[in-house]
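With compact mmCIF, C-alpha atoms inside, this is upload-v4.txt:
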```txt
# COMPACT_ATOMS: atom_id res chain seq x y z
CA MET F 82 57.72 6.00 14.60
CA LYS F 83 57.78 2.19 14.54
CA LYS F 84 55.83 2.10 17.82
CA LEU F 85 53.16 4.36 16.35
CA TYR F 86 52.99 2.20 13.22
CA LYS F 87 52.59 -0.96 15.29
CA LEU F 88 49.95 0.74 17.44
CA GLY F 89 48.03 1.68 14.29
CA ILE F 90 48.06 -1.94 13.10
CA LEU F 91 46.86 -3.11 16.51
CA LEU F 92 44.01 -0.60 16.60
CA SER F 93 42.97 -1.60 13.08
CA ALA F 94 42.87 -5.24 14.13
CA VAL F 95 40.73 -4.38 17.16
CA GLY F 96 38.35 -2.45 14.91
CA ILE F 97 38.00 -5.41 12.56
CA LEU F 98 37.30 -7.77 15.45
CA ALA F 99 34.72 -5.36 16.89
CA SER F 100 32.90 -5.19 13.59
CA CYS F 101 32.47 -8.96 13.74
CA TYR F 102 30.69 -8.77 17.08
CA GLN F 103 28.16 -11.59 17.51
CA GLU F 104 28.93 -12.94 14.04
CA ASP F 105 30.57 -16.23 15.08
CA ASP F 106 28.12 -18.25 13.00
CA LEU F 107 28.96 -16.57 9.73
CA THR F 108 29.78 -18.79 6.81
CA PRO F 109 32.07 -17.75 3.93
CA SER F 110 30.52 -18.04 0.50
CA GLU F 111 32.16 -19.33 -2.62
CA ASN F 112 33.35 -15.87 -3.61
CA GLY F 113 34.80 -14.98 -0.22
CA MET F 114 31.87 -12.82 0.92
CA ILE F 115 30.84 -13.37 4.52
CA LEU F 116 27.25 -14.63 4.84
CA ARG F 117 24.99 -14.91 7.87
CA TYR F 118 23.45 -18.16 6.64
CA GLU F 119 24.83 -21.38 5.30
CA MET F 120 23.79 -21.71 1.68
CA PRO F 121 22.30 -23.83 0.23
CA GLN F 122 19.90 -24.63 3.04
CA GLY F 123 18.95 -28.04 1.70
CA ASN F 124 19.19 -30.39 -1.26
CA ASN F 125 15.61 -30.23 -2.47
CA ALA F 126 14.40 -29.23 -5.91
CA TRP F 127 13.43 -25.79 -4.61
CA ASP F 128 16.98 -25.29 -3.28
CA GLU F 129 18.13 -25.61 -6.88
CA ASP F 130 15.61 -22.88 -7.80
CA ILE F 131 17.04 -20.70 -5.03
CA ALA F 132 20.57 -21.27 -6.34
CA GLN F 133 19.47 -20.31 -9.86
CA ILE F 134 17.79 -17.13 -8.59
CA TYR F 135 20.98 -16.16 -6.75
CA GLU F 136 23.07 -16.88 -9.84
CA GLU F 137 20.93 -14.52 -11.93
CA TYR F 138 19.89 -11.87 -9.41
CA GLY F 139 22.40 -11.95 -6.56
CA VAL F 140 19.80 -12.40 -3.81
CA TYR F 141 19.57 -15.33 -1.40
CA LEU F 142 16.11 -16.68 -0.55
CA VAL F 143 16.40 -17.74 3.11
CA TYR F 144 13.79 -20.01 4.68
CA LYS F 145 15.66 -21.69 7.56
CA GLY F 146 17.37 -20.46 10.70
CA LEU F 147 15.40 -17.21 10.99
CA LYS F 148 14.99 -15.64 14.43
CA ASP F 149 13.47 -12.39 15.67
CA ALA F 150 16.96 -10.85 15.77
CA ASP F 151 17.38 -11.43 12.02
CA PHE F 152 14.40 -9.18 11.34
CA ASN F 153 15.81 -6.28 13.35
CA ARG F 154 19.39 -6.04 12.16
CA SER F 155 21.02 -2.67 11.64
CA TRP F 156 24.59 -1.48 11.69
CA SER F 157 26.41 1.07 13.85
CA GLY F 158 30.04 2.09 13.75
CA SER F 159 31.15 -0.62 16.15
CA GLY F 160 29.05 -3.64 15.36
CA THR F 161 25.58 -5.11 15.16
CA VAL F 162 22.65 -3.54 16.96
CA PHE F 163 19.27 -5.15 17.46
CA SER F 164 15.91 -3.53 18.14
CA ALA F 165 12.56 -5.14 18.89
CA ALA F 166 10.38 -3.68 16.13
CA LEU F 167 9.81 -6.68 13.89
CA TYR F 168 9.19 -10.35 14.64
CA GLY F 169 9.34 -13.44 12.46
CA GLY F 170 10.58 -16.97 12.01
CA SER F 171 11.39 -19.76 9.57
CA LEU F 172 8.90 -21.64 7.43
CA GLN F 173 7.28 -24.54 9.25
CA ASP F 174 7.85 -27.45 6.89
CA ASP F 175 9.04 -28.54 3.45
CA GLU F 176 5.62 -28.11 1.83
CA MET F 177 5.51 -24.51 2.93
CA ALA F 178 9.07 -23.92 1.71
CA LYS F 179 8.20 -25.45 -1.66
CA GLY F 180 5.11 -23.22 -1.95
CA TYR F 181 6.97 -20.03 -1.06
CA VAL F 182 9.81 -20.70 -3.50
CA THR F 183 7.28 -21.55 -6.22
CA PHE F 184 5.58 -18.22 -5.59
CA MET F 185 8.88 -16.32 -5.79
CA LYS F 186 9.96 -18.13 -8.94
CA ASP F 187 6.69 -18.10 -10.90
CA HIS F 188 4.99 -14.93 -9.64
CA ILE F 189 7.92 -12.58 -8.97
CA PHE F 190 11.18 -13.42 -10.72
CA ALA F 191 9.38 -14.54 -13.88
CA TYR F 192 8.58 -10.86 -14.47
CA LEU F 193 11.97 -9.37 -13.64
CA THR F 194 15.35 -9.12 -15.34
CA PRO F 195 18.83 -8.65 -13.83
CA THR F 196 19.03 -5.31 -15.64
CA ILE F 197 15.95 -4.00 -13.85
CA THR F 198 16.92 -5.33 -10.41
CA GLY F 199 20.65 -4.59 -10.55
CA LYS F 200 20.50 -1.70 -8.05
CA THR F 201 17.38 -2.71 -6.18
CA LEU F 202 17.37 -6.15 -4.54
CA PRO F 203 18.83 -6.83 -1.06
CA LEU F 204 21.36 -9.56 -0.28
CA TYR F 205 18.75 -11.63 1.59
CA TRP F 206 15.07 -12.17 0.97
CA TYR F 207 13.48 -13.97 3.93
CA LEU F 208 10.67 -16.43 3.25
CA SER F 209 9.04 -16.09 6.63
CA TYR F 210 6.34 -17.52 8.83
CA GLY F 211 4.71 -15.15 11.28
CA CYS F 212 6.39 -11.90 10.28
CA HIS F 213 4.65 -9.06 12.13
CA ARG F 214 5.32 -5.90 14.04
CA LYS F 215 3.82 -4.32 17.13
CA ALA F 216 2.29 -0.91 16.50
CA SER F 217 0.63 1.67 18.69
CA LEU F 218 -2.13 4.20 18.25
CA ALA F 219 -1.40 7.59 19.80
CA GLY F 220 1.40 5.87 21.71
CA ILE F 221 -1.18 4.23 23.99
CA PHE F 222 -3.16 1.43 22.33
CA GLU F 223 -1.13 -1.48 20.98
CA TYR F 224 -2.04 -3.69 18.07
CA TYR F 225 -0.23 -5.98 15.61
CA GLN F 226 0.44 -5.66 11.89
CA ALA F 227 1.24 -8.74 9.81
CA GLN F 228 3.84 -7.95 7.15
CA ASP F 229 3.14 -9.61 3.81
CA PHE F 230 6.01 -7.71 2.15
CA TYR F 231 8.56 -5.90 4.29
CA ASN F 232 11.25 -3.95 2.42
CA GLU F 233 12.86 -1.71 5.03
CA GLY F 234 15.60 -4.02 6.32
CA LEU F 235 19.23 -3.01 6.05
CA ASP F 236 20.20 -5.97 3.85
CA PHE F 237 16.99 -8.00 3.74
CA TRP F 238 13.38 -8.04 2.61
CA THR F 239 10.66 -10.40 3.81
CA VAL F 240 7.65 -12.05 2.24
CA CYS F 241 5.18 -13.67 4.62
CA MET F 242 1.89 -15.35 3.77
CA ALA F 243 0.99 -17.15 6.99
CA GLY F 244 1.48 -17.07 10.74
CA ASP F 245 0.00 -18.03 14.08
CA GLU F 246 -2.88 -16.03 15.47
CA LEU F 247 -1.69 -12.56 16.48
CA PRO F 248 -2.03 -11.45 20.10
CA PRO F 249 -5.18 -9.46 20.77
CA PRO F 250 -4.91 -5.67 20.57
CA SER F 251 -4.90 -3.76 23.84
CA HIS F 252 -8.36 -2.29 23.19
CA PRO F 253 -11.38 -4.04 21.62
CA ALA F 254 -12.12 -1.03 19.41
CA ILE F 255 -8.80 -1.53 17.57
CA SER F 256 -8.22 -4.30 15.04
CA ASN F 257 -5.05 -6.14 14.11
CA GLU F 258 -3.90 -6.33 10.48
CA ASP F 259 -3.97 -10.08 9.92
CA TYR F 260 -1.82 -12.26 7.67
CA PHE F 261 -2.66 -12.22 3.98
CA THR F 262 -2.72 -15.77 2.64
CA PRO F 263 -3.51 -15.75 -1.11
CA VAL F 264 -6.38 -18.04 -2.05
CA THR F 265 -7.95 -16.72 -5.26
CA GLN F 266 -6.25 -15.71 -8.49
CA GLN F 267 -6.87 -12.06 -7.64
CA ASP F 268 -5.23 -12.57 -4.25
CA TYR F 269 -2.07 -13.78 -5.96
CA ARG F 270 -2.22 -10.89 -8.42
CA ASN F 271 -2.52 -8.41 -5.56
CA LEU F 272 0.49 -9.71 -3.66
CA LYS F 273 2.53 -10.08 -6.84
CA GLY F 274 1.55 -6.57 -7.92
CA LYS F 275 2.53 -5.08 -4.56
CA ILE F 276 6.00 -6.61 -4.69
CA LEU F 277 6.69 -5.98 -8.38
CA ALA F 278 5.42 -2.39 -8.23
CA TYR F 279 7.87 -1.59 -5.43
CA ILE F 280 10.80 -3.16 -7.29
CA TYR F 281 10.00 -1.37 -10.56
CA GLU F 282 9.51 1.97 -8.79
CA GLN F 283 12.88 1.64 -7.07
CA ALA F 284 14.48 0.62 -10.38
CA VAL F 285 13.26 3.87 -11.96
CA LYS F 286 14.39 6.00 -9.02
CA LYS F 287 17.83 4.36 -8.92
CA GLY F 288 18.38 4.63 -12.66
CA SER F 289 18.48 0.98 -13.70
CA LEU F 290 15.19 1.43 -15.57
CA GLN F 291 15.32 4.46 -17.83
CA ILE F 292 12.45 6.81 -18.69
CA PRO F 293 12.37 7.38 -22.47
CA GLU F 294 12.17 11.01 -23.57
CA ALA F 295 9.26 10.24 -25.91
CA PHE F 296 7.08 9.31 -22.92
CA ASN F 297 6.83 12.98 -21.96
CA THR F 298 5.35 14.05 -25.29
CA GLY F 299 1.91 15.60 -24.76
CA PHE F 300 2.25 16.20 -21.02
CA ASP F 301 2.24 19.68 -19.49
CA HIS F 302 3.94 19.55 -16.10
CA MET F 303 3.77 23.32 -15.53
CA THR F 304 0.07 24.19 -15.71
CA ASP F 305 -2.04 23.47 -12.62
CA ILE F 306 -4.53 20.61 -12.73
CA THR F 307 -7.98 20.30 -11.15
CA THR F 308 -9.24 17.20 -9.34
CA GLY F 309 -12.79 17.84 -8.09
CA TYR F 310 -15.83 15.89 -9.29
CA ALA F 311 -17.30 19.13 -10.63
CA ASP F 312 -14.15 19.68 -12.72
CA GLU F 313 -14.53 16.69 -15.06
CA GLU F 314 -15.39 18.92 -18.00
CA ASP F 315 -12.43 21.22 -17.28
CA PRO F 316 -9.64 20.71 -19.86
CA ASN F 317 -7.20 20.77 -16.92
CA TYR F 318 -8.97 17.93 -15.12
CA TYR F 319 -6.20 15.56 -13.99
CA LEU F 320 -7.40 12.51 -15.91
CA THR F 321 -7.96 14.49 -19.09
CA ARG F 322 -4.39 15.73 -18.76
CA GLY F 323 -3.15 12.13 -18.37
CA TYR F 324 -2.33 12.02 -14.65
CA ILE F 325 -3.76 8.77 -13.36
CA GLY F 326 -2.79 8.65 -9.69
CA LYS F 327 -0.84 5.83 -8.10
CA VAL F 328 -1.97 2.35 -7.12
CA ASN F 329 -1.33 1.55 -3.48
CA GLY F 330 -1.19 -1.85 -1.78
CA GLY F 331 -2.38 -0.55 1.55
CA GLY F 332 -1.61 -2.27 4.83
CA ASN F 333 -1.65 -5.63 3.09
CA ALA F 334 -2.00 -6.83 -0.47
CA GLY F 335 -5.72 -7.35 -0.06
CA SER F 336 -6.54 -3.65 0.05
CA ILE F 337 -5.75 -1.97 -3.27
CA SER F 338 -6.63 1.66 -3.74
CA ILE F 339 -5.60 4.49 -6.03
CA PHE F 340 -4.00 7.57 -4.52
CA ASP F 341 -5.59 10.45 -6.37
CA VAL F 342 -3.49 13.22 -7.79
CA GLN F 343 -3.59 16.41 -5.72
CA GLY F 344 -4.83 19.63 -7.28
CA GLY F 345 -2.31 22.28 -8.25
CA LEU F 346 1.05 21.62 -9.85
CA PRO F 347 0.96 18.22 -11.61
CA PRO F 348 3.26 15.28 -10.85
CA THR F 349 6.80 15.20 -12.25
CA VAL F 350 7.86 13.19 -15.29
CA GLU F 351 9.32 10.49 -13.03
CA GLU F 352 6.20 10.27 -10.87
CA THR F 353 3.98 10.08 -13.94
CA PHE F 354 6.02 7.36 -15.62
CA ILE F 355 6.08 5.34 -12.39
CA SER F 356 2.30 5.64 -12.10
CA TYR F 357 1.76 4.15 -15.58
CA LEU F 358 4.39 1.48 -15.02
CA THR F 359 3.16 0.28 -11.63
CA THR F 360 -0.52 0.46 -12.58
CA SER F 361 0.31 -1.81 -15.53
CA LEU F 362 1.73 -4.31 -13.02
CA TRP F 363 -1.30 -4.16 -10.71
CA TYR F 364 -4.14 -4.02 -13.24
CA THR F 365 -4.99 -6.31 -16.16
CA LYS F 366 -6.02 -4.80 -19.51
CA GLU F 367 -9.67 -5.17 -18.57
CA GLN F 368 -9.17 -3.50 -15.20
CA ILE F 369 -7.28 -0.60 -16.79
CA GLU F 370 -10.07 -0.10 -19.32
CA GLU F 371 -12.65 -0.13 -16.55
CA ALA F 372 -10.72 2.43 -14.49
CA TYR F 373 -9.78 4.68 -17.43
CA PRO F 374 -12.24 4.16 -20.33
CA THR F 375 -10.55 4.76 -23.69
CA GLU F 376 -13.53 6.65 -25.07
CA LYS F 377 -13.36 9.11 -22.19
CA TYR F 378 -9.57 9.32 -21.73
CA PRO F 379 -7.84 8.53 -25.05
CA PHE F 380 -4.58 10.20 -23.96
CA ILE F 381 -4.31 7.83 -20.99
CA LYS F 382 -4.85 4.85 -23.29
CA GLU F 383 -2.10 6.17 -25.58
CA LYS F 384 0.35 6.43 -22.70
CA PHE F 385 -0.46 2.98 -21.33
CA ASN F 386 0.18 1.54 -24.79
CA PHE F 387 3.46 3.46 -25.03
CA VAL F 388 4.78 2.28 -21.65
CA GLN F 389 3.77 -1.32 -22.24
CA GLN F 390 5.40 -1.42 -25.68
CA TYR F 391 8.53 0.30 -24.38
CA MET F 392 8.97 -2.27 -21.61
CA LYS F 393 8.55 -5.12 -24.07
CA ASP F 394 10.99 -3.68 -26.63
CA SER F 395 13.64 -2.37 -24.22
CA TYR F 396 13.54 -4.86 -21.32
CA GLY F 397 11.74 -7.94 -22.65
CA ILE F 398 8.93 -7.53 -20.09
CA ASP F 399 5.33 -8.07 -21.13
CA LEU F 400 3.37 -6.01 -18.61
CA HIS F 401 0.08 -7.63 -19.68
CA GLU F 402 1.49 -11.03 -18.74
CA ALA F 403 2.95 -9.64 -15.53
CA ALA F 404 -0.45 -8.28 -14.48
CA GLU F 405 -2.24 -11.52 -15.35
CA GLY F 406 0.31 -13.72 -13.59
CA PRO F 407 1.04 -17.37 -14.36
CA THR F 408 -1.73 -19.56 -15.72
CA ASP F 409 -1.07 -22.14 -12.98
CA TRP F 410 -1.49 -19.42 -10.37
CA ASN F 411 -2.53 -21.83 -7.58
CA SER F 412 0.49 -24.16 -7.87
CA CYS F 413 1.87 -22.85 -4.56
CA ASN F 414 -0.75 -24.90 -2.68
CA PHE F 415 -1.11 -22.63 0.34
CA PRO F 416 -3.82 -23.84 2.72
CA GLU F 417 -6.96 -21.74 2.75
CA PRO F 418 -7.21 -19.76 6.02
CA GLU F 419 -9.89 -20.92 8.42
CA PRO F 420 -12.95 -18.62 8.48
CA GLU F 421 -13.20 -16.07 11.26
CA PRO F 422 -15.43 -17.27 14.13
CA GLU F 423 -18.82 -15.63 14.41
CA PRO F 424 -18.82 -12.92 17.10
CA ASP F 425 -20.82 -13.64 20.22
CA ASP F 426 -24.31 -12.16 20.31
CA PRO F 427 -24.11 -9.42 22.97
CA TRP F 428 -27.85 -9.85 23.67
CA GLY F 429 -27.49 -13.56 24.39
CA ASP F 430 -30.74 -15.49 24.71
CA TRP F 431 -32.88 -12.58 25.76
CA GLY F 432 -35.26 -13.29 22.90
CA TRP F 433 -35.06 -9.85 21.32
```
Write out the structure in this file as structure tokens.
Amino acid sequence: MKKLYKLGILLSAVGILASCYQEDDLTPSENGMILRYEMPQGNNAWDEDIAQIYEEYGVYLVYKGLKDADFNRSWSGSGTVFSAALYGGSLQDDEMAKGYVTFMKDHIFAYLTPTITGKTLPLYWYLSYGCHRKASLAGIFEYYQAQDFYNEGLDFWTVCMAGDELPPPSHPAISNEDYFTPVTQQDYRNLKGKILAYIYEQAVKKGSLQIPEAFNTGFDHMTDITTGYADEEDPNYYLTRGYIGKVNGGGNAGSISIFDVQGGLPPTVEETFISYLTTSLWYTKEQIEEAYPTEKYPFIKEKFNFVQQYMKDSYGIDLHEAAEGPTDWNSCNFPEPEPEPEPDDPWGDWGW
């Protein structure tokens, strides 16, 4: 029996050592948790901001020491496994690090609370240069997708606003999805909206942001809705019934669109609440009015007002302010991307 007991201890020790495979560079944190990065990563003013964000939200903003392997980390039963799906690296200099942290502090965390993010944020949030992935069309043609906001990592997310020129796609008829570097106020709103909308949606789905029962008053989730242009006068037309669709950030934050509601059974209570919540993060008051005129859709206006007041009263979040963003929106000082070169004239100097 003693031999079996000792063998069990030995096997347990081997298992523990195996789980630490390729983790020799780990650094213990102040609370005993094993980290992959030494924190803080510097003694600059923005490192103090990073420390404050961790203190409040439990997420580390990492801007140094990032390698391709860090962007492809997943876990198996015996240790760490890497794949080659995502690529990225560290920020290039202090000015870039300062700009990224300013963006995270003033454009993202300024419109969050620990209550909302308690079940949502990862352990690490990479501030990355050159984060992209290789994609393929029909498994044949390869092209590259820059990742302005990547949220599928096991224990990390990534925000990336710049990178070197991507390799050319394998066929001239296919285009890469280039890096999205915010320049205008609307650019910053788009990227901010994409990130915040995802966080708020996950907060609702994971239960840290509650849907009030009163929100559902006036909705009918059982009767089919219509969505065609010829149905606008139908009392079951989706907008008349209060179903507004869902704002989508597209491949990058520069391409906002609204996913229309499908005809038939209407969205659920959760889906409907999320649509009002996330649209309030993407669109300013003026943009909401333009998309859903009060005179035409008074029920939609009523529900926007309800959600916005509820978030202010229950969570201390002003969705109007969140949609507008900070008044000093350009304080991140990102360099404006160079204009695309003019394509060569295929007809040359033929004089046509």
Legend entry - Atomic separation - atom CA of Leu193 of chain F relative to atom CA of Val264 of chain F, Å: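 Pair atom CA of Val264 of chain F / atom CA of Leu193 of chain F returns 23.4 Å.
Between atom CA of Tyr310 of chain F and atom CA of Pro347 of chain F the interatomic distance comes to 17.1 Å.
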Inset, instruction - Kindly indicate which residue among F:Pro121, F:Thr321, F:Phe237, F:Glu223 lies nearest to Ser256 of chain F, using all atoms listed in the file for the distances. - result: F:Glu223
Legend entry - Using only C-alpha atoms: which of F:Leu208, F:Cys241, F:Ile369, F:Met185 has the shortest distance to Pro407 of chain F: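 So, comparing all the options, the nearest one is F:Met185.
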Legend entry - Atomic separation - atom CA of Asn125 of chain F relative to atom CA of Asp175 of chain F, Å: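 One can read the atom CA of Asp175 of chain F to atom CA of Asn125 of chain F distance as 9.0 Å.
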Mind working out the centre and edge lengths of an axis-aligned box for segment 401-417 of chain F, all listed atoms inside, 3 Å added to each side, rounded to one decimal in Å and written as lines of an AutoDock Vina configuration file?
```
center_x = -2.0
center_y = -16.3
center_z = -8.5
size_x = 15.9
size_y = 23.3
size_z = 28.4
```
Inset, instruction - Please provide the set of residues having any atom within 12 Å of segment 381-396 of chain F, restricted to only C-alpha atoms, with same-chain residues fewer than 5 positions apart removed, written as a PyMOL selection string. - result: chain F and resi 192-198+281+289-300+319-326+353-362+364-366+369-376+401-404
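Closest approach to Val182 of chain F among F:Leu400, F:Val342, F:Ala126, F:Ala278: F:Ala126, based on all atoms listed in the file.
Between Glu246 of chain F and the candidates F:Gly139, F:Gly170, F:Gly344, F:Gly211, the tightest atom-to-atom separation, counting only C-alpha atoms, involves F:Gly211.
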Inset, instruction - Counting only C-alpha atoms, figure out which residue out of F:Leu172, F:Leu204, F:Ala178, F:Cys413 gets nearest to Asn232 of chain F. - result: F:Leu204
Inset, instruction - Select, from F:Asn329, F:Asn414, F:Gln122, F:Thr307, the residue with the minimum atom-to-atom distance to Gly180 of chain F, counting all atoms listed in the file. - result: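 Smallest separation from Gly180 of chain F among the options: F:Asn414.
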Inset, instruction - Just the residues within 12 Å of Asp409 of chain F, please, counting only C-alpha atoms, with nothing from its chain fewer than 6 positions along; format it as a VMD selection string. - result: chain F and resid 183 to 184 187 to 188 265 to 266 269
Inset, instruction - Do a neighbour search on Ala254 of chain F at 12 Å with only C-alpha atoms, toss out local chain neighbours closer than 2 positions, and write the hits as a PyMOL selection string. - result: chain F and resi 218+222-224+249-252+256-257
